[in-house]
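A quick write-up on the structure given underneath.
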Amino acid sequence: MIVSLSWLEDYVSIQMDVSSLADALTMVGLEVEAVWDRYTYLNTVVVGKIDDVFPHPKADKLTICKVNTGDRQLDIVCGAPNARKGMLAALAFPGTVLPNGKILENSTIRGIKSEGMLCSENELALGNKTGGLMELHGNFQPGTALAKALSLSDHVMEIGLTPNRPDCLSILGIAREIAAIQKTTLKYPECSLKDKSSEVFHMTSVTINDPEHCPRYCARLLENMVVGHSPFWMQDRLLSVGLRPINAIVDITNFVMMETGQPLHAFDFDRLAQNRIVVRTAKDKEAFTTLDGKKRELNSETLMICDGEKPVAIGGVMGGENSEIQMDTTRVLIESACFDPVSIRKTSKYLGLSTDASHRFERGVDPGGTVKALNRAASLMSDISGGHIVPGLIDEHPVQSGTKSIELDTAYANRVLGLSLNASHMQTLLESVGFLVQSADNLQLVVTPPSFRVDVSRPQDLMEEIARIYGYDKIPTTFPLIPAQQRIPSGQWDFRGQIKDLMQSLGFNEVINYSFMDEKACDLLELDANDKRRKVLPILNPLNEDMAVMRTCLISGLLKAMVLNLSQQMKTLKIFEVGNTFISQGNDCLPVENEYLAVLWTGSRSDHSLHMKDIDCDFYDIKGAAEALLRSLEIQDVIFTKMPENSCQYTKAGHSARILSEGKDIGLLGEVDPKVISAFDLKQKAFIFELDLNIMSFLTPKTKQFQPVPRFPATYRDVTIIIDKHIESGEVVEMVRNANESLIEAVLLYDLYEGDPIPKGQSSITLRVIYRSAEKTLEDTDVTPVTERIAKELLNRLNASLPG
């Protein structure tokens with residue numbers, strides 16, 4: 001919101017300098033982001049005295065003026081008819097940025113060098129006169145800065161408003177805050193219209209077909225209008241806040257909007273079919289051309305202002321070409337309405353069209369201020385454009401808006417705010433910003449918010465008002481009473497930190513994604529129709545389409561991170577994320593939250609190096625990372641088992657595994673399915689694993705047990721058998737581990753081979769069995785019988801054979 005001090009002073013006497021005022025407004029919650037003097041462009045404009053005037057030798061309508069600037073005399077080529085010897089005029093030096101944006105330069109006009117420009121009022125935006133030079137009357141010294149000579153200074157403030165303060169989207173709103181700060185009186189503009197008849201109802205009507213979108217619509221009609229330029233004082237007010245003057249009618253609607261915060265619209269009454277207004281929603285894909293000349297396609301939620309046959313404006317956003325004010329307009333219908341903020345916000349976002357009007361309607365305008373703003377605009381139009389106000393006010397108000405009283409416990413308010421104000425003091429503070437306050441007793445206040453404070457509905461809102469008007473800087477600083485004992489972190493918190501530390505030690509980088517995902521993510525991941533992860537919880541007001549629902553899986557976020565990194569030529573990526581997923585239980589219930597670890601590896605096995613070849617990572621690399629993590633966590637009895645083809649959704653069949661521990665399913669790993677890779681528009685393979693941290697936290701030992709370093713050496717034997725190729729090697733390893741042999745310390749898969757001379761459909765598997773005794777050094781006589789028993793057991797249980 002941009003406001004000028006000169007405009008503010010029409011409604012409140014400002015008793016402090018601009019710097020103090022900016023600080024005071026910021027302290028009451030209206031952050032002043034910038035302050036500048038809007039006449040700074042006059043810094044290079046001075047008072048010039050024309051010492052002499054000569055005809056231009058090559059142009060009949062131009063003259064050469066000898067202009068005295070106090071320390072020198074300049075030659076200025078001028079075309080103004082009123083230039084004369086002895087005249088004081090405004091002289092702009094080269095480099096001056098004029099109000100129209102033009103930068104003045106040294107120029108040569110018809111062979112004569114001109115060292116500046118003598119300006120008119122209009123060229124300096126100091127008046128409407130365009131036919132000649134701006135003549136300065138007074139005892140001014142040549143060379144004096146024009147702004148200083150004419151005492152031109154008007155500071156402008158840019159205020160950053162929070163969305164809950166639409167009442168301050170007006171000059172009066174800011175003036176009200178200043179009056180409260182200074183404890184002075186606010187002066188409202190005078191406007192009193194008395195209708196002696198209801199003639200307007202015989203000439204036009206307003207019908208509201210959708211009261212939910214438009215709870216109130218007011219209108220007035222004026223006749224015998226003459227459309228021309230608005231007076232300079234009004235143009236100056238609009239220019240001071242960054243609005244461009246257009247014509248008197250449009251300027252008045254903009255002036256009143258900035259003054260009161262109530263957007264208005266003026267229709268050419270004679271261009272309204274059947275001379276009436278109908279408020280309805282648009283038909284789906286209905287086309288409409290707005291004032292900016294663009295044809296827009298509407299949806300069924302767009303509120304339209306129509307005449308008897310067609311749409312003439314998009315309600316609360318922008319008018320239409322087919323009803324705009326033209327220079328020959330003689331009858332004007334003024335609209336002052338109250339629209340539903342949600343409806344206007346949706347329309348503005350859908351159309352990608354934001355205007356000063358929609359900005360205010362989206363946040364909520366004063367439902368009680370529509371008539372006041374309408375009367376103010378009608379009165380100004382009558383005065384400036386000479387129109388006749390048709391007696392009668394149309395005020396369609398199907399949905400009545402009332403303000404409810406709020407009970408405020410002053411003792412509770414003091415306790416919350418850390419103050420010790422009495423009820424009377426609180427009453428004075430609230431009344432200074434327009435609240436109606438009645439005292440129920442010494443501790444209770446009954447407060448009725450003004451209609452323009454659409455953001456106040458609870459006692460907490462009143463406490464905020466008291467705090468900000470009293471002064472946040474005046475609230476005593478206190479420190480919370482914190483007990484000396486330290487809170488013990490939760491076990492899950494420590495476990496989560498341990499997981500992150502281990503993943504980083506394995507060379508992976510942590511990523512943190514939003515807890516939202518694209519609604520289409522489940523389709524991109526090829527999830528089955530009955531997969532519980534399709535039970536998504538939609539977000540009411542998503543930031544964008546990529547964050548439309550709460551995430552049910554972490555993998556989609558990692559794949560999007562992979563897309564981003566590949567676009568930055570990061571071909572090798574090792575990332576992980578720890579976070580919650582959310583499975584919907586219906587809109588009336590909280591979702592089920594589970595914490596997962598998701599890991600992704602793509603690109604090379606190792607960073608590029610002189611000593612290392614670039615080898616692509618594969619299934620066994622990601623499996624090795626999962627094994628290293630689980631081994632570091634000391635989770636026991638971990639098994640990687642082949643995932644059935646019908647269970648593979650976003651992982652590739654035949655290249656995926658389930659991860660089990662103590663019979664519990666704790667996760668999966670594998671290569672991302674090529675279909676999913678293609679759906680995310682990726683060009684290289686990726687490998688992932690997921691682990692359920694809720695289950696893993698129960699499987700991770702809470703205490704560590706130490707054992708002495710072995711006193712005797714270990715020995716090993718290799719066992720090679722030929723088995724059916726469909727038997728998982730992990731199953732064979734577990735079979736040996738679970739054998740009831742006390743000397744076995746570890747079992748490793750040492751070799752796996754398929755091909756000649758191994759029969760087709762079979763594979764040769766070699767296990768290395770490591771033996772150790774805590775009592776002696778093992779000899780062949782101790783180890784060989786155990787190895788023979790193991791081999792015999794495997795041959796019998798797996799229907800295997802020995803090689804050769």
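Identifiers in the structure tokens: chain A, B, ... in order shown; residue index from 1 per chain; ligand index from 1 in order shown.
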*Residues of segment 158-370 of chain A in helix (DSSP H, G or I) according to DSSP, as a ChimeraX atom specification?*
/A:166-168,171-182,199-202,232-240,248-260,269-271,273-275,321-323,341-351,356-363,370
*Which residues come within 6 Å of segment 434-445 of chain A, counting only C-alpha atoms, excluding same-chain residues fewer than 3 positions away, as a ChimeraX atom specification?*
/A:407-410,430-431,448-450
What would the file look like if the residues just selected were written as a PDB file, in the first residue's frame with N, CA and C atoms?
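Saved the output as again23.pdb:
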```pdb
ATOM      1  N   GLU A 407     -16.754 -10.944  24.220  1.00  0.00           N
ATOM      2  CA  GLU A 407     -16.481 -10.700  25.635  1.00  0.00           C
ATOM      3  C   GLU A 407     -14.994 -10.842  25.902  1.00  0.00           C
ATOM      4  N   LEU A 408     -14.437  -9.833  26.564  1.00  0.00           N
ATOM      5  CA  LEU A 408     -13.007  -9.828  26.846  1.00  0.00           C
ATOM      6  C   LEU A 408     -12.777  -9.794  28.344  1.00  0.00           C
ATOM      7  N   ASP A 409     -12.081 -10.819  28.835  1.00  0.00           N
ATOM      8  CA  ASP A 409     -11.680 -10.880  30.240  1.00  0.00           C
ATOM      9  C   ASP A 409     -10.370 -10.112  30.380  1.00  0.00           C
ATOM     10  N   THR A 410     -10.427  -8.942  30.994  1.00  0.00           N
ATOM     11  CA  THR A 410      -9.245  -8.081  31.059  1.00  0.00           C
ATOM     12  C   THR A 410      -8.123  -8.701  31.892  1.00  0.00           C
ATOM     13  N   LEU A 430      -9.015   0.412  22.508  1.00  0.00           N
ATOM     14  CA  LEU A 430      -9.869  -0.196  21.475  1.00  0.00           C
ATOM     15  C   LEU A 430     -10.736   0.848  20.784  1.00  0.00           C
ATOM     16  N   GLU A 431     -11.241   1.786  21.524  1.00  0.00           N
ATOM     17  CA  GLU A 431     -12.090   2.824  20.919  1.00  0.00           C
ATOM     18  C   GLU A 431     -11.312   3.723  19.980  1.00  0.00           C
ATOM     19  N   THR A 448     -17.662  -4.664  20.387  1.00  0.00           N
ATOM     20  CA  THR A 448     -18.237  -4.891  19.058  1.00  0.00           C
ATOM     21  C   THR A 448     -17.265  -4.326  18.027  1.00  0.00           C
ATOM     22  N   PRO A 449     -16.688  -5.196  17.195  1.00  0.00           N
ATOM     23  CA  PRO A 449     -15.738  -4.702  16.193  1.00  0.00           C
ATOM     24  C   PRO A 449     -16.459  -3.863  15.145  1.00  0.00           C
ATOM     25  N   PRO A 450     -15.791  -2.856  14.587  1.00  0.00           N
ATOM     26  CA  PRO A 450     -16.389  -2.104  13.477  1.00  0.00           C
ATOM     27  C   PRO A 450     -16.485  -2.998  12.246  1.00  0.00           C
TER      28      PRO A 450
END
```
Can you list, as a compact mmCIF listing (two decimals) with C-alpha atoms, in the first residue's frame, every protein, DNA or RNA residue that comes within 7 Å of Phe576 of chain A when you count only C-alpha atoms, leaving out same-chain residues fewer than 6 positions away?
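Once everything was written out, this is result38.txt:
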```txt
# COMPACT_ATOMS: atom_id res chain seq x y z
CA PHE A 508 25.02 -40.12 0.86
CA ASN A 509 23.70 -36.56 1.12
CA GLU A 510 20.49 -35.73 2.95
CA VAL A 511 17.66 -33.98 1.09
CA ALA A 598 14.35 -43.61 1.38
CA VAL A 599 17.69 -43.84 -0.45
CA LEU A 600 18.56 -43.28 -4.12
```
Each segment 388-408 of chain A residue no farther than 12 Å from segment 172-196 of chain A, nearest pair in Å, only C-alpha atoms, as a Markdown table:
```
| residue | atom | partner | partner_atom | distance |
| --- | --- | --- | --- | --- |
| A:Ile389 | CA | A:Asp195 | CA | 9.3 |
| A:Val390 | CA | A:Asp195 | CA | 8.6 |
| A:Pro391 | CA | A:Asp195 | CA | 5.1 |
| A:Gly392 | CA | A:Asp195 | CA | 5.5 |
| A:Leu393 | CA | A:Asp195 | CA | 7.7 |
| A:Ile394 | CA | A:Asp195 | CA | 11.4 |
```
Would you save the residues of that selection, restricted to C-alpha atoms, as a CSV table (one decimal), in the first residue's frame?
```csv
chain,number,residue,atom,x,y,z
A,389,ILE,CA,-27.9,12.2,-9.5
A,390,VAL,CA,-31.1,10.3,-10.1
A,391,PRO,CA,-32.9,10.2,-6.8
A,392,GLY,CA,-32.9,6.8,-5.1
A,393,LEU,CA,-30.3,4.2,-4.0
A,394,ILE,CA,-30.4,0.6,-5.0
```
_Would you pick out the contacts of segment 140-145 of chain A at 7 Å or less, using only C-alpha atoms, so that residues sharing its chain but fewer than 5 positions from it are not included, and give the list as a list in words?_
Asn43, Val45, Val46, Val47, Gly48, Lys49, Asn68, Thr69 and Gly70 of chain A
Would you mind exporting N, CA, C and O atoms of the selected residues as a PDB file, in the first residue's frame?
```pdb
ATOM      1  N   ASN A  43      14.968  17.737  -8.392  1.00  0.00           N
ATOM      2  CA  ASN A  43      16.294  18.120  -7.899  1.00  0.00           C
ATOM      3  C   ASN A  43      17.143  18.777  -8.980  1.00  0.00           C
ATOM      4  O   ASN A  43      18.050  19.551  -8.686  1.00  0.00           O
ATOM      5  N   VAL A  45      15.780  20.598 -11.450  1.00  0.00           N
ATOM      6  CA  VAL A  45      14.975  21.671 -12.040  1.00  0.00           C
ATOM      7  C   VAL A  45      15.145  22.905 -11.157  1.00  0.00           C
ATOM      8  O   VAL A  45      14.993  22.842  -9.935  1.00  0.00           O
ATOM      9  N   VAL A  46      15.490  24.072 -11.797  1.00  0.00           N
ATOM     10  CA  VAL A  46      15.769  25.286 -11.025  1.00  0.00           C
ATOM     11  C   VAL A  46      14.923  26.445 -11.562  1.00  0.00           C
ATOM     12  O   VAL A  46      14.271  26.351 -12.601  1.00  0.00           O
ATOM     13  N   VAL A  47      14.943  27.523 -10.802  1.00  0.00           N
ATOM     14  CA  VAL A  47      14.324  28.765 -11.262  1.00  0.00           C
ATOM     15  C   VAL A  47      15.277  29.422 -12.263  1.00  0.00           C
ATOM     16  O   VAL A  47      16.466  29.628 -11.981  1.00  0.00           O
ATOM     17  N   GLY A  48      14.746  29.693 -13.450  1.00  0.00           N
ATOM     18  CA  GLY A  48      15.552  30.352 -14.474  1.00  0.00           C
ATOM     19  C   GLY A  48      14.936  31.697 -14.858  1.00  0.00           C
ATOM     20  O   GLY A  48      13.712  31.816 -14.967  1.00  0.00           O
ATOM     21  N   LYS A  49      15.784  32.698 -15.041  1.00  0.00           N
ATOM     22  CA  LYS A  49      15.301  34.019 -15.458  1.00  0.00           C
ATOM     23  C   LYS A  49      15.678  34.249 -16.920  1.00  0.00           C
ATOM     24  O   LYS A  49      16.847  34.129 -17.297  1.00  0.00           O
ATOM     25  N   ASN A  68      19.197  32.925 -17.372  1.00  0.00           N
ATOM     26  CA  ASN A  68      20.145  33.132 -16.287  1.00  0.00           C
ATOM     27  C   ASN A  68      19.859  32.110 -15.180  1.00  0.00           C
ATOM     28  O   ASN A  68      18.744  32.026 -14.665  1.00  0.00           O
ATOM     29  N   THR A  69      20.887  31.320 -14.787  1.00  0.00           N
ATOM     30  CA  THR A  69      20.731  30.333 -13.708  1.00  0.00           C
ATOM     31  C   THR A  69      21.490  30.741 -12.456  1.00  0.00           C
ATOM     32  O   THR A  69      21.761  29.917 -11.588  1.00  0.00           O
ATOM     33  N   GLY A  70      21.847  32.003 -12.354  1.00  0.00           N
ATOM     34  CA  GLY A  70      22.555  32.481 -11.171  1.00  0.00           C
ATOM     35  C   GLY A  70      24.043  32.514 -11.351  1.00  0.00           C
ATOM     36  O   GLY A  70      24.699  33.502 -10.992  1.00  0.00           O
TER      37      GLY A  70
END
```
*If we count only C-alpha atoms, what is near segment 484-497 of chain A at a cut-off of 9 Å, once residues fewer than 5 positions away on the same chain are taken out, given as a list in words?*
Leu502, Val578, Leu693, Asn694, Ser697 and Thr700 of chain A
*Write out as a ChimeraX atom specification all residues of segment 503-659 of chain A that backbone DSSP assigns to strand (DSSP E).*
/A:509-510,516-517,549-550,573-583,592-602,638-642,651-659
